Amino acid sequence: MRLIIGPTCGGKSTYISTALAHLESASPLVHFGFSFLEDETTTIPSGPRDVVHYNLLHTFRRASRAQASLAGDTLLKDLLDAAAEVVVVSAPRSVLLRRAEQRTHAEPGHEEFDDRLYYHEDWLPALSIPDLAQVYEHLALMLDEAGVPAQYFCSHADVHGGLQQVSRWELPRLAGGDAEERCRHGHVLPDAPALSGQQRSYQADHRIGAVSATISRALRMPLAGRSLLDIGCAEGEVALSAARMGARVTGIEPRPRRLAQARLTAETLGLDVDLRRLALDDLLDRPRTYDVVVALNVAHHVRNPFGFLDRAGHLSCSHLVLEYPGLADEKFRATLPDGQKVDDDQPLVGVSLREQDQTFVFTPAALERYFLDTVGLFRHHRLVESPMPHRWISVFSGRRTPDVHPAPTVAQLRAKVDSRERKLEKRERQLAKRSRQLERRNEQLRSRERDLVALRQRLAEIESSRSWRLTAPLRGVSRRAAGLGRPAR
């Protein structure tokens, strides 16, 4: 079965009529997704001639902003399981809206649905959701995870003259305001070697599946226009996926080789992401700087996990997303006596060993109690099983103002000391400048005083001279003539 999927007015029927009609000796058997929705007993077809035409946005009619992923679309998951091939067809959002406004029938060209009208009040709002890029990215993540062969097409025929193949990374960009301009410049398929960080396994570990599964499970909150911090962003899989969903992303990573790969991938994909070579302790941002803070598989590597958790939680003003190993993690179990069993249902924290490249492991109950009760940072906790064995994804939300504020980090204390030293140096420079000014003023006063002494001495010499005495009568006549009165004797 081939699954042809895309938003309303995306060009799915065009693809079926132009690209598939010649592939088989007989025409394809087309099934519409709404038939499965209206009759749950309808069996999903699986034959080589079967084609399913599926509207990606059917769950987003009159949807609230709280729904920004495809997690609730169980039919889509069933269709992906049954599909041998998937084709995604879309166009710039502005093009979709123009097509939707002009459309009158649900499935034009299909006589059996002539009486089925197109409901503008449902589909225009669905096409206008701010998180359309996030929906597209979640679809691509689901296809990555499913491993089914997939192709992506842009159906902006006015520019391309037909269907134009695009990359999996380009699909979310069709929801942007500059999508039509991107069409006019041409959709470039990125160089595969530059994207190796986006196609690799999650860390270099044979036990770990693709990162796509983690991202689709963790980033379900609306991200369009919101700020996100990715702590320990590695090669940038999560950071760049969040950027494609419309978030303003900052990623920090202390390892230079990983960060270099993330920057190369961001440049290749044309994504504006702030990637910094930093550890969390060196980040000087104030609390509540970011809407969403993400730390996947980082907390169990740090020496001070509760300081790390406090800092990460306080940086968020909405959501905190953590992925971490539980007490059943095989590395942690290797540190325990044979046969000893621990339970992830208990609010416990396990102390690991350095040779296992771990410091601590956590149970979801422990983190829930810590964030919701002990420090009181959040109100809600959503727990998701990680695709990595014996690990968990915790999504905390409902940010509260806690009674206890986090202790300053070493970097913050260092920055505070540096700031005070800079202020003292500035004050010293100001005092030195003032001292020089005073010294110059004193020297000017001393110079004037020396001049005054010299003038008085000269005057005394003149007044004691014989010529001064002889000319005294003349000076008196001159003063009377000038009306200055009698001269002093």
# chains A, B, ... in the order shown; residues from 1 in each chain; ligands from 1
call {"tool": "residues_around", "arguments": {"residues": "Gly350 of chain A", "least_positions_apart": "3", "cutoff": "7 Å", "atoms": "only C-alpha atoms", "output": "ChimeraX atom specification"}}
result
/A:327,360-362
call {"tool": "write_last_selection", "arguments": {"atoms": "N, CA and C atoms", "output": "compact mmCIF listing (two decimals), in the first residue's frame"}}
result
# COMPACT_ATOMS: atom_id res chain seq x y z
N LEU A 327 16.65 3.27 37.38
CA LEU A 327 17.42 2.34 38.20
C LEU A 327 17.61 1.00 37.52
N PHE A 360 24.86 9.59 38.58
CA PHE A 360 23.61 9.29 39.26
C PHE A 360 22.59 8.76 38.25
N VAL A 361 21.63 7.99 38.71
CA VAL A 361 20.46 7.60 37.93
C VAL A 361 19.23 7.95 38.77
N PHE A 362 18.08 8.07 38.12
CA PHE A 362 16.89 8.62 38.78
C PHE A 362 15.68 7.76 38.47
call {"tool": "select_by_dssp", "arguments": {"residues": "segment 70-207 of chain A", "states": "alpha helix (DSSP H)", "output": "number ranges by chain"}}
result
A: 74-82, 93-102, 120-127, 132-146, 157-160, 179-185, 196-199
call {"tool": "closest_residue", "arguments": {"among": "A:Glu107, A:Asp131, A:Asp345, A:Glu85", "to": "Arg369 of chain A", "atoms": "only C-alpha atoms"}}
result
A:Asp345
call {"tool": "residues_around", "arguments": {"residues": "Pro347 of chain A", "least_positions_apart": "6", "cutoff": "8 Å", "atoms": "only C-alpha atoms", "output": "PDB file with N, CA and C atoms, in the first residue's frame"}}
result
ATOM      1  N   THR A 363      14.726   7.780  39.376  1.00  0.00           N
ATOM      2  CA  THR A 363      13.409   7.246  39.041  1.00  0.00           C
ATOM      3  C   THR A 363      12.500   8.424  38.704  1.00  0.00           C
ATOM      4  N   PRO A 364      11.506   8.207  37.849  1.00  0.00           N
ATOM      5  CA  PRO A 364      10.550   9.290  37.573  1.00  0.00           C
ATOM      6  C   PRO A 364       9.869   9.800  38.839  1.00  0.00           C
ATOM      7  N   ALA A 365       9.597   8.886  39.776  1.00  0.00           N
ATOM      8  CA  ALA A 365       8.943   9.296  41.025  1.00  0.00           C
ATOM      9  C   ALA A 365       9.826  10.250  41.818  1.00  0.00           C
ATOM     10  N   ALA A 366      11.146  10.034  41.776  1.00  0.00           N
ATOM     11  CA  ALA A 366      12.053  10.914  42.516  1.00  0.00           C
ATOM     12  C   ALA A 366      12.049  12.312  41.921  1.00  0.00           C
ATOM     13  N   LEU A 367      12.138  12.405  40.589  1.00  0.00           N
ATOM     14  CA  LEU A 367      12.158  13.719  39.948  1.00  0.00           C
ATOM     15  C   LEU A 367      10.818  14.433  40.101  1.00  0.00           C
ATOM     16  N   ARG A 369       8.710  14.107  42.605  1.00  0.00           N
ATOM     17  CA  ARG A 369       8.635  14.601  43.984  1.00  0.00           C
ATOM     18  C   ARG A 369       9.549  15.817  44.152  1.00  0.00           C
TER      19      ARG A 369
END
call {"tool": "closest_residue", "arguments": {"among": "A:Ala328, A:Leu459, A:Leu97, A:Leu37", "to": "Leu75 of chain A", "atoms": "only C-alpha atoms"}}
result
A:Leu37
call {"tool": "select_by_dssp", "arguments": {"residues": "segment 60-151 of chain A", "states": "strand (DSSP E or B)", "output": "PDB file with C-alpha atoms, in the first residue's frame"}}
result
ATOM      1  CA  GLU A  85       5.931   3.610   0.666  1.00  0.00           C
ATOM      2  CA  VAL A  86       4.953   7.113   1.777  1.00  0.00           C
ATOM      3  CA  VAL A  87       4.732  10.261  -0.311  1.00  0.00           C
ATOM      4  CA  VAL A  88       4.285  13.645   1.389  1.00  0.00           C
ATOM      5  CA  VAL A  89       2.862  16.426  -0.781  1.00  0.00           C
ATOM      6  CA  SER A  90       2.451  20.033   0.275  1.00  0.00           C
ATOM      7  CA  HIS A 105     -16.067  20.254  -3.083  1.00  0.00           C
ATOM      8  CA  LEU A 117     -18.838  19.859   0.158  1.00  0.00           C
ATOM      9  CA  ALA A 150       9.452   8.322   2.006  1.00  0.00           C
ATOM     10  CA  GLN A 151       9.546  11.079  -0.599  1.00  0.00           C
TER      11      GLN A 151
END
call {"tool": "residues_around", "arguments": {"residues": "segment 354-358 of chain A", "least_positions_apart": "6", "cutoff": "10 Å", "atoms": "only C-alpha atoms", "output": "list in words"}}
result
Val298, Ala299, His300, His301, Val302, Arg303, Pro325, Glu330, Lys331, Phe332, Ala334 and Thr335 of chain A
call {"tool": "residues_around", "arguments": {"residues": "Cys317 of chain A", "least_positions_apart": "3", "cutoff": "10 Å", "atoms": "only C-alpha atoms", "output": "list in words"}}
result
Ser227, Pro287, Arg288, Thr289, Tyr290, Asp291, Val292, Val293, Gly313, His314, Leu320, Leu377, Phe378, Ser397, Gly398, Arg399, Arg400 and Thr401 of chain A
call {"tool": "residues_around", "arguments": {"residues": "segment 229-241 of chain A", "least_positions_apart": "3", "cutoff": "7 Å", "atoms": "only C-alpha atoms", "output": "JSON, numbers by chain"}}
result
{"A": [197, 198, 215, 244, 245, 249, 250, 251, 252, 253, 258, 259, 261, 262, 266, 280, 290, 292, 293, 294, 295, 298]}
call {"tool": "write_last_selection", "arguments": {"atoms": "N, CA and C atoms", "output": "PDB file, in the first residue's frame"}}
result
ATOM      1  N   GLY A 197      25.276  14.271  11.189  1.00  0.00           N
ATOM      2  CA  GLY A 197      24.866  14.397  12.579  1.00  0.00           C
ATOM      3  C   GLY A 197      23.376  14.275  12.758  1.00  0.00           C
ATOM      4  N   GLN A 198      22.589  14.563  11.688  1.00  0.00           N
ATOM      5  CA  GLN A 198      21.135  14.470  11.783  1.00  0.00           C
ATOM      6  C   GLN A 198      20.632  13.076  11.420  1.00  0.00           C
ATOM      7  N   ILE A 215      12.622  12.966  20.013  1.00  0.00           N
ATOM      8  CA  ILE A 215      12.151  14.323  19.727  1.00  0.00           C
ATOM      9  C   ILE A 215      10.637  14.355  19.593  1.00  0.00           C
ATOM     10  N   ARG A 244      13.347  23.933  13.235  1.00  0.00           N
ATOM     11  CA  ARG A 244      12.441  23.691  12.108  1.00  0.00           C
ATOM     12  C   ARG A 244      10.978  23.777  12.554  1.00  0.00           C
ATOM     13  N   MET A 245      10.704  23.521  13.815  1.00  0.00           N
ATOM     14  CA  MET A 245       9.342  23.641  14.341  1.00  0.00           C
ATOM     15  C   MET A 245       8.947  25.088  14.606  1.00  0.00           C
ATOM     16  N   VAL A 249      16.076  28.997  19.027  1.00  0.00           N
ATOM     17  CA  VAL A 249      16.832  27.959  19.729  1.00  0.00           C
ATOM     18  C   VAL A 249      18.223  28.442  20.108  1.00  0.00           C
ATOM     19  N   THR A 250      18.595  28.135  21.345  1.00  0.00           N
ATOM     20  CA  THR A 250      19.969  28.267  21.820  1.00  0.00           C
ATOM     21  C   THR A 250      20.439  26.879  22.230  1.00  0.00           C
ATOM     22  N   GLY A 251      21.580  26.469  21.715  1.00  0.00           N
ATOM     23  CA  GLY A 251      22.144  25.179  22.079  1.00  0.00           C
ATOM     24  C   GLY A 251      23.512  25.361  22.697  1.00  0.00           C
ATOM     25  N   ILE A 252      23.778  24.679  23.812  1.00  0.00           N
ATOM     26  CA  ILE A 252      25.103  24.754  24.441  1.00  0.00           C
ATOM     27  C   ILE A 252      25.702  23.359  24.489  1.00  0.00           C
ATOM     28  N   GLU A 253      26.987  23.284  24.200  1.00  0.00           N
ATOM     29  CA  GLU A 253      27.697  21.999  24.134  1.00  0.00           C
ATOM     30  C   GLU A 253      29.177  22.260  24.422  1.00  0.00           C
ATOM     31  N   ARG A 258      31.658  18.000  18.541  1.00  0.00           N
ATOM     32  CA  ARG A 258      30.200  17.884  18.404  1.00  0.00           C
ATOM     33  C   ARG A 258      29.587  19.221  17.994  1.00  0.00           C
ATOM     34  N   LEU A 259      30.057  20.282  18.629  1.00  0.00           N
ATOM     35  CA  LEU A 259      29.497  21.600  18.316  1.00  0.00           C
ATOM     36  C   LEU A 259      29.819  21.984  16.882  1.00  0.00           C
ATOM     37  N   GLN A 261      30.068  19.997  14.331  1.00  0.00           N
ATOM     38  CA  GLN A 261      29.133  19.278  13.462  1.00  0.00           C
ATOM     39  C   GLN A 261      27.752  19.944  13.491  1.00  0.00           C
ATOM     40  N   ALA A 262      27.310  20.359  14.672  1.00  0.00           N
ATOM     41  CA  ALA A 262      26.014  21.038  14.776  1.00  0.00           C
ATOM     42  C   ALA A 262      26.004  22.328  13.960  1.00  0.00           C
ATOM     43  N   ALA A 266      23.629  23.185  10.736  1.00  0.00           N
ATOM     44  CA  ALA A 266      22.769  24.379  10.746  1.00  0.00           C
ATOM     45  C   ALA A 266      23.042  25.249   9.529  1.00  0.00           C
ATOM     46  N   LEU A 280      26.575  24.126  31.293  1.00  0.00           N
ATOM     47  CA  LEU A 280      25.478  24.852  31.932  1.00  0.00           C
ATOM     48  C   LEU A 280      25.993  25.818  32.993  1.00  0.00           C
ATOM     49  N   TYR A 290      14.102  31.249  29.155  1.00  0.00           N
ATOM     50  CA  TYR A 290      13.625  30.424  28.047  1.00  0.00           C
ATOM     51  C   TYR A 290      12.243  29.853  28.360  1.00  0.00           C
ATOM     52  N   VAL A 292      11.153  26.924  27.004  1.00  0.00           N
ATOM     53  CA  VAL A 292      11.362  25.479  27.124  1.00  0.00           C
ATOM     54  C   VAL A 292      12.850  25.215  27.319  1.00  0.00           C
ATOM     55  N   VAL A 293      13.167  24.377  28.295  1.00  0.00           N
ATOM     56  CA  VAL A 293      14.547  23.940  28.525  1.00  0.00           C
ATOM     57  C   VAL A 293      14.581  22.425  28.353  1.00  0.00           C
ATOM     58  N   VAL A 294      15.529  21.958  27.531  1.00  0.00           N
ATOM     59  CA  VAL A 294      15.647  20.540  27.203  1.00  0.00           C
ATOM     60  C   VAL A 294      17.033  20.060  27.624  1.00  0.00           C
ATOM     61  N   ALA A 295      17.076  18.943  28.336  1.00  0.00           N
ATOM     62  CA  ALA A 295      18.352  18.321  28.718  1.00  0.00           C
ATOM     63  C   ALA A 295      18.173  16.812  28.573  1.00  0.00           C
ATOM     64  N   VAL A 298      21.753  14.077  29.943  1.00  0.00           N
ATOM     65  CA  VAL A 298      22.852  14.903  30.439  1.00  0.00           C
ATOM     66  C   VAL A 298      22.967  14.817  31.959  1.00  0.00           C
TER      67      VAL A 298
END
call {"tool": "residues_around", "arguments": {"residues": "Pro254 of chain A", "least_positions_apart": "6", "cutoff": "7 Å", "atoms": "only C-alpha atoms", "output": "list in words"}}
result
Arg277, Leu278 and Ala279 of chain A
call {"tool": "atom_distance", "arguments": {"atom1": "atom CA of Ala218 of chain A", "atom2": "atom CA of Val321 of chain A"}}
result
6.8 Å
call {"tool": "atom_distance", "arguments": {"atom1": "atom CA of Leu269 of chain A", "atom2": "atom CA of Leu189 of chain A"}}
result
9.4 Å
call {"tool": "atom_distance", "arguments": {"atom1": "atom CA of Val148 of chain A", "atom2": "atom CA of Leu79 of chain A"}}
result
11.0 Å
